[in-house]
Amino acid sequence: MALQSLDIKARSATTTESPSVRKTTRVAKLIDISKCIGCKACEAACMEWNDLRDVVGVNKGEFDSPRDLSDQSWTVMRFYEEEPNGQFEWLIRKDGCLHCEDPGCLAACPAPGAIVQYANGLVDFHEEHCIGCGYCITGCPFDIPRISKKDSKAYKCTLCSDRVAVGLEPACIKACPTGALVFGSKEDMIDHADERVADLKGRGFENAGLYDPAGVGGTHVMYVLQHADRPQLYGLPIDPIISPLVSLWKGVTKPIAMLLLGLTVLGSFFHYIHVGPNETDEDEEENEAAS
Amino acid sequence: MASLAPTFGRGAMTNHWVDIKNSNLVLIMGGNAAEAHPCGFKWVTEAKAHNNARLIVVDPRFTRSAALADFYAPIRAGTDIAFLGGVINYLIKTGNVHQEYVNAYTDATFIVREDFDFQDGLFSGYDAASRSYDRGTWMYELGEDGYARTDPTLQHPRCVFNLLQRHYARYTPDVVSDVTGTPEEDFLMVCKMIAETAAPDRTMTVMYALGWTQHSKGSQMIRCAAMVQLLLGNIGQSGGGMNALRGHSNIQGLTDLGLLSDLLPGYLTLPKESETDYDPYIAARAFKPLRPNQMSYWQNYSKFFVSLMKAWFGNAAMPENNWCFDWLPKLDKVHDVLQVFEDMHQGHLNGYICQGFNPLAAFPDKRKLGEALANLDYLVIIDPLETETSEFWKDYGEFNPADSKSIATEVFRLPSTCFAEEQGSLVNSGRWLQWHWKGAEPPGKAKGDAEIIAGIFLKLRDLYREEGGAFPEPIVNLSWNHLSPEEPSAEELAREFNGRALVDLTDTEEPNKVLRRAGQQLSSFGELRDDGSTACGCWLFCGAWTEEGNLMARRDNSDPSGLGNTLGWAFSWPANRRILYNRASADPNGKPWDSRRRVISWDSERWTGIDVPDFSRTSPPSQGMGPFIMNPEGVARLFAVDKMAEGPFPEHYEPFESPLPVNPLHPEKPAARNNPAARVFASDLEKMGDAGAYPYVATTYRLTEHFHYWTKHVEINAILQPEQFVEIGASLAEEKGIYAGDRVRISSKRGEIVAKAVVTKRLRALMVHGRIVHQVGLPIHWGFKGRAKPGYLTNTLTPFVGDANTNTPEFKAFLVNVEKA
């Protein structure tokens, strides 16, 4: 959704620089998995604030519901039954957009202005510019965006950019009962995470740590993990990077493609001058209409 | 309530939610706070994050609470007394008892009567025919002065501490493991962690809920944990306590206001059938102290009772008619909900008013309940929702196969408001009366509950006035002084339960000194009198709406001590005390056990601190008054004397449906297999299954995504948990060839349901008394009305038997079979 009150830092398929006069605090959401009980209050709050209603589904033999992200479910809880150190653990992760510092979705997007990154770090989709190509999905190393079957546009968590723009915390943060979700400046969130990691190490989680992957330039949604050495236990990629296809498409390929596009236009023009307009006779058109 | 009151004197959470953050150790057992009390659970994560607390969860299932636990131990459903009895034995054997506290603040030193006995699982005085005890021998030995005899040296073989030690010596770690299925090393780990809180500067809090109350011996499970806390010196302390977590937002208020069949407001009790005279009725409740210098606060019973009668009947309550004592019903027996539905099933009831309550879903053996409701002439439903009960007569296929044509019950549905559409006070688990304001207008023709009840009452009163009738007095004389009689306001009702002076109240010493003018609101129950000069609808709530105004509406959260004791936030009964029995937070000389958590202490003239003293403010430590001021002993009871139906010490009995043919503690004694004092109706006994046909232990529970049977009507909640499921352990699923998402049929001797299978490692098979026991988890939230996928009422399966003291149904441990559907 478009917001005039937040400064835009980057804009999809746009090479001109965004105007920026204010210095903005970079914000982040911290998800502390060691405090999360999987109650889904954040999911309910997300639905309420963003006016989303997924379908009343069916149980497929697990706690997860809705079972996956969708245009109507921008965050879902994922439940993992694991035995990382020979001891059983029930790891519950709130899944949703991580708001990368180097957003793969934005890099991949061919529609001007359909994806923007605000100066505070939030990555937002502007559906009115979206062409529904789905390249953002290819570009995302975390498999987050979903295309709506209704309007064929891409949707994902906005980190409640409309709330943040007026100084409120995202809806999920407000709803979280246990303090597992906190929101603030990225620096404060890293400090808070350090405290939590120290606490977890004191409880025997030697590899506790912060998930803020460098491969995407860090993220504005970070996780405190009990087993930061094995993010795959939580369904997180170990070392996420933007797909090489996106780099190729936006890097080397794009100028060549633009050149080829230009040549095609030029060729067509000369073809028209040389041969004239393409014509069909009336009979042919009638036959086609009847068939 | 029925376990904490016999132990400490009052039946309520001893501490409060915020105080949980001060704990060093949190034990969640008999509950699943993360799941059922997610907002309160924040104080657990706070204790962990900022007080370096450890969290232990003991539960049949690895729950959402267990997901955040430092240590989890599995247990077979219904064996918590064996586990906790084992903890008592461990604490005594290893010397991890806070002995100074125990000697001074419990009845450890009291000597028990010589004829008290315990043999083969039964206490003295058992009568098998009536399934009840003559409790005469369960008492202390009294001296000639009328006081209980004690032995401060603990040498006397019959002093409570030695009896306790002997009773639980049988609960060795291997016996505990054999009965509970908890691996011995896990049990010992829990014991070790608990034992550390015997130190005066460390406290454990116990958080429990329906996981303990919903057993045939649930009250004794809770009592057993309360005894553990007493041995550790964790009662009265900040960060300690027995913290009963209430499931409905105002269920504490329900019991406080006496909405149980044998209670009056403020835990006054209705007279029994044999108690037809006023004076003996009062005398039997105004307990005289059992030790010198004890407060024994129930000595004031008559003041509470007379003030209640003045509130109810106004000028009609006079000394000449014993304040209308004769108008009160005299109980032949307890008319709890199981008894009521049994009576209805037998055709002894012809009408039923059902307010905010969905019994067809909420009580055991749905088929029996449906048959019972069909016996009624009329059924009145007061509820904001279309409940299952209101449509018990309608055919919903497999979920409710009713033959409407054969049911003649006339059902009236009176739509009421929900909590957000009205104002008033709610009492939370921690005894806080918090005022809340209306957030929305009710839809359609919905009316508030008070307005609906007022309408029924006024109509009935007219009929009694016009036509007389068998016993019109209590109805036509009921005090009903409301600005709008058709719609008593929440403010009026709140002022009434607080109480007021009816005449000028003068000082008993100085008759000319007026303490309170006629018509003024009272400020504390200390002002109540038994001469008819005060009216008070619930003595415990006195102080909630004084001349200063509505104290329940206060929202001052300033917390000078940092311990979360916010005296300016709302109002806490009794007398705004936040931590009950807080005298016990200090040693016998009045010095705090732990200076970092000073609650109150003696400052050479009076008791002062961060809380209102739950004690006489000016009684010096040298006087020896005990911290448990409601008990005539002045101390807490390790030995419950005659207060519990099945004995003064909790003993392990099997659930009524058990996978074991015998009680492993008493294999030769069939009478001691199940709770010997629990009431079972004959027709229900026939419907108890055995492990041959129903080999798996089932337990019912709640999910965070839903609230009882309400939120299945809400779209968002339905999206978050749409369809009925059953949790099955991975090993049982493999044995049965069941995969995640399969439809499975779960059956008990009372009925069957079909649900989706959630196959999980969170339910482990346990080795119990030489055999493998599988446990099956049944969340309760589905039914045939609402937005979620239609489902079966889980209580189709559960047995119609309850706790011997409260008759709370045994939902947490029964037998089922599981098959692929």
# chains A, B, ... in the order shown; residues from 1 in each chain; ligands from 1
>>> interface_residues(of="chain B", to="chain A", cutoff="7 Å", atoms="only C-alpha atoms", output="list in words")
Ala34, Pro38, Cys39, Phe41, Lys42, Thr45, Arg64, Ser65, Ala67, Leu68, Thr704, Glu705, Ile716, Ala718, Ile719, Leu720, Gln721, Pro722, Glu723, Ala740, Gly741, Lys756, Ala757, Val758, Val759 and Ala788 of chain B
>>> write_last_selection(atoms="C-alpha atoms", output="CSV table (one decimal), in the first residue's frame")
chain,number,residue,atom,x,y,z
B,34,ALA,CA,0.7,-21.1,28.0
B,38,PRO,CA,-1.5,-17.0,27.4
B,39,CYS,CA,-1.8,-13.5,28.8
B,41,PHE,CA,1.8,-16.6,31.0
B,42,LYS,CA,3.7,-13.4,30.3
B,45,THR,CA,8.4,-15.5,30.6
B,64,ARG,CA,2.7,-25.3,24.6
B,65,SER,CA,3.9,-24.6,28.2
B,67,ALA,CA,7.7,-25.9,24.7
B,68,LEU,CA,9.2,-23.1,26.9
B,704,THR,CA,-5.1,-21.2,22.7
B,705,GLU,CA,-7.0,-20.7,19.4
B,716,ILE,CA,-11.0,-15.7,12.9
B,718,ALA,CA,-12.4,-20.8,13.2
B,719,ILE,CA,-9.6,-20.0,10.6
B,720,LEU,CA,-6.9,-20.5,13.2
B,721,GLN,CA,-8.2,-24.0,14.3
B,722,PRO,CA,-10.9,-25.1,12.0
B,723,GLU,CA,-11.6,-28.7,12.5
B,740,ALA,CA,-1.4,-37.7,10.3
B,741,GLY,CA,-4.7,-36.3,8.8
B,756,LYS,CA,-8.7,-36.0,12.4
B,757,ALA,CA,-5.6,-37.5,13.7
B,758,VAL,CA,-2.7,-35.3,14.7
B,759,VAL,CA,0.2,-37.8,15.1
B,788,ALA,CA,-15.8,-23.8,12.5
>>> select_by_dssp(residues="region 712-759 of chain B", states="strand (DSSP E)", output="short mmCIF file (atom, residue, chain, number, x, y, z; two decimals) with C-alpha atoms, in the first residue's frame")
data_model
loop_
_atom_site.label_atom_id
_atom_site.label_comp_id
_atom_site.auth_asym_id
_atom_site.auth_seq_id
_atom_site.Cartn_x
_atom_site.Cartn_y
_atom_site.Cartn_z
CA PHE B 725 -8.78 -33.37 15.94
CA VAL B 726 -7.36 -35.91 18.32
CA GLU B 727 -3.71 -36.12 19.33
CA ILE B 728 -2.15 -39.57 19.11
CA GLY B 729 1.39 -40.48 20.04
CA ARG B 743 -10.01 -39.79 10.20
CA VAL B 744 -10.13 -41.83 13.40
CA ARG B 745 -12.96 -43.09 15.57
CA ILE B 746 -12.53 -42.62 19.31
CA SER B 747 -14.96 -44.55 21.47
CA SER B 748 -15.68 -44.93 25.16
CA GLY B 751 -20.32 -43.04 22.89
CA GLU B 752 -18.01 -42.34 20.01
CA ILE B 753 -16.69 -39.43 18.01
CA VAL B 754 -14.77 -39.14 14.75
CA ALA B 755 -11.90 -36.66 14.35
CA LYS B 756 -8.75 -35.98 12.37
CA ALA B 757 -5.56 -37.55 13.72
CA VAL B 758 -2.67 -35.31 14.73
CA VAL B 759 0.19 -37.77 15.10
#
>>> select_by_dssp(residues="region 178-410 of chain B", states="alpha helix (DSSP H)", output="VMD selection string")
chain B and resid 178 to 180 184 to 195 210 to 213 218 to 232 251 to 256 278 to 283 301 to 313 337 to 345 359 to 362 366 to 373
>>> atom_distance(atom1="CA of Gly31 (chain B)", atom2="CA of Ala53 (chain B)")
18.6 Å
>>> closest_residue(among="A:Leu168, A:Ile31, A:Thr14, A:Gly217", to="Pro112 (chain A)", atoms="only C-alpha atoms")
A:Thr14
>>> residues_around(residues="Leu308 (chain B)", least_positions_apart="4", cutoff="7 Å", atoms="only C-alpha atoms", output="PyMOL selection string")
chain B and resi 304+312+535-538
>>> write_last_selection(atoms="N, CA and C atoms", output="tab-separated table (two decimals), in the first residue's frame")
chain	number	residue	atom	x	y	z
B	304	PHE	N	-21.24	-11.33	59.22
B	304	PHE	CA	-21.32	-11.46	57.76
B	304	PHE	C	-22.72	-11.94	57.36
B	312	TRP	N	-30.39	-8.64	51.64
B	312	TRP	CA	-31.35	-9.37	50.82
B	312	TRP	C	-32.81	-9.03	51.17
B	535	ALA	N	-25.79	-3.58	56.28
B	535	ALA	CA	-26.21	-4.49	55.20
B	535	ALA	C	-25.02	-4.68	54.28
B	536	CYS	N	-24.79	-5.92	53.84
B	536	CYS	CA	-23.63	-6.18	52.99
B	536	CYS	C	-23.90	-7.45	52.18
B	537	GLY	N	-23.89	-7.32	50.87
B	537	GLY	CA	-24.24	-8.44	50.00
B	537	GLY	C	-23.15	-9.50	49.87
B	538	CYS	N	-21.91	-9.13	50.18
B	538	CYS	CA	-20.83	-10.12	50.15
B	538	CYS	C	-19.68	-9.55	50.97
>>> atom_distance(atom1="CA of Ser585 (chain B)", atom2="CA of Val599 (chain B)")
6.3 Å
>>> residues_around(residues="Lys669 (chain B)", least_positions_apart="3", cutoff="12 Å", atoms="only C-alpha atoms", output="JSON, numbers by chain")
{"B": [119, 120, 121, 122, 653, 661, 662, 663, 664, 665, 666, 672, 673, 674, 676]}
>>> closest_atom_pairs(of="region 210-251 of chain A", to="region 23-30 of chain A", cutoff="7 Å", atoms="only C-alpha atoms", output="tab-separated table")
residue	atom	partner	partner_atom	distance
A:His220	CA	A:Ala28	CA	4.3
A:Val221	CA	A:Lys29	CA	4.6
A:Met222	CA	A:Leu30	CA	4.9
A:Tyr223	CA	A:Leu30	CA	5.7
>>> closest_residue(among="B:Ser558, B:Gln623, B:Thr79, B:Ser3", to="Thr806 (chain B)", atoms="only C-alpha atoms")
B:Ser3
>>> atom_distance(atom1="CA of Ala119 (chain A)", atom2="CA of Lys9 (chain A)")
4.7 Å
>>> residues_around(residues="Arg598 (chain B)", least_positions_apart="2", cutoff="9 Å", atoms="only C-alpha atoms", output="MDAnalysis selection string")
chainID B and resid 237:238 561 585:586 591:596 600:601 609:610
>>> write_last_selection(atoms="N, CA and C atoms", output="mmCIF file, in the first residue's frame")
data_model
loop_
_atom_site.group_PDB
_atom_site.id
_atom_site.type_symbol
_atom_site.label_atom_id
_atom_site.label_comp_id
_atom_site.auth_asym_id
_atom_site.auth_seq_id
_atom_site.Cartn_x
_atom_site.Cartn_y
_atom_site.Cartn_z
ATOM 1 N N GLN B 237 4.791 -15.850 50.677
ATOM 2 C CA GLN B 237 5.980 -15.199 50.123
ATOM 3 C C GLN B 237 5.701 -14.653 48.734
ATOM 4 N N SER B 238 6.367 -13.589 48.406
ATOM 5 C CA SER B 238 6.319 -13.090 47.041
ATOM 6 C C SER B 238 7.054 -14.082 46.134
ATOM 7 N N SER B 561 7.923 -0.786 44.976
ATOM 8 C CA SER B 561 8.862 -1.835 45.390
ATOM 9 C C SER B 561 9.481 -2.561 44.209
ATOM 10 N N SER B 585 5.548 -14.209 55.140
ATOM 11 C CA SER B 585 6.731 -13.791 54.384
ATOM 12 C C SER B 585 7.849 -13.352 55.341
ATOM 13 N N ALA B 586 7.479 -13.208 56.607
ATOM 14 C CA ALA B 586 8.476 -12.850 57.618
ATOM 15 C C ALA B 586 8.637 -14.017 58.592
ATOM 16 N N LYS B 591 10.828 -10.598 60.921
ATOM 17 C CA LYS B 591 11.852 -10.154 59.972
ATOM 18 C C LYS B 591 11.650 -10.924 58.659
ATOM 19 N N PRO B 592 11.734 -10.241 57.514
ATOM 20 C CA PRO B 592 11.497 -10.966 56.257
ATOM 21 C C PRO B 592 12.461 -12.140 56.093
ATOM 22 N N TRP B 593 11.937 -13.251 55.586
ATOM 23 C CA TRP B 593 12.801 -14.397 55.281
ATOM 24 C C TRP B 593 13.859 -13.987 54.252
ATOM 25 N N ASP B 594 13.448 -13.119 53.341
ATOM 26 C CA ASP B 594 14.352 -12.701 52.266
ATOM 27 C C ASP B 594 14.215 -11.177 52.124
ATOM 28 N N SER B 595 15.269 -10.452 52.400
ATOM 29 C CA SER B 595 15.176 -8.981 52.405
ATOM 30 C C SER B 595 14.861 -8.420 51.020
ATOM 31 N N ARG B 596 15.171 -9.179 49.956
ATOM 32 C CA ARG B 596 14.890 -8.668 48.607
ATOM 33 C C ARG B 596 13.412 -8.759 48.258
ATOM 34 N N ILE B 600 5.678 -7.824 54.150
ATOM 35 C CA ILE B 600 5.413 -7.015 55.346
ATOM 36 C C ILE B 600 6.419 -7.437 56.414
ATOM 37 N N SER B 601 6.665 -6.555 57.371
ATOM 38 C CA SER B 601 7.539 -6.908 58.492
ATOM 39 C C SER B 601 7.106 -6.103 59.715
ATOM 40 N N GLY B 609 4.652 -2.581 55.215
ATOM 41 C CA GLY B 609 5.303 -3.179 54.050
ATOM 42 C C GLY B 609 4.650 -2.735 52.771
ATOM 43 N N ILE B 610 4.876 -3.502 51.734
ATOM 44 C CA ILE B 610 4.387 -3.118 50.411
ATOM 45 C C ILE B 610 2.978 -3.632 50.167
#
>>> residues_around(residues="Pro213 (chain A)", least_positions_apart="2", cutoff="9 Å", atoms="only C-alpha atoms", output="PyMOL selection string")
chain A and resi 100+210-211+215-219+222+238-241
>>> residues_around(residues="Glu169 (chain A)", least_positions_apart="6", cutoff="9 Å", atoms="only C-alpha atoms", output="ChimeraX atom specification")
/A:159-160,163,182-184
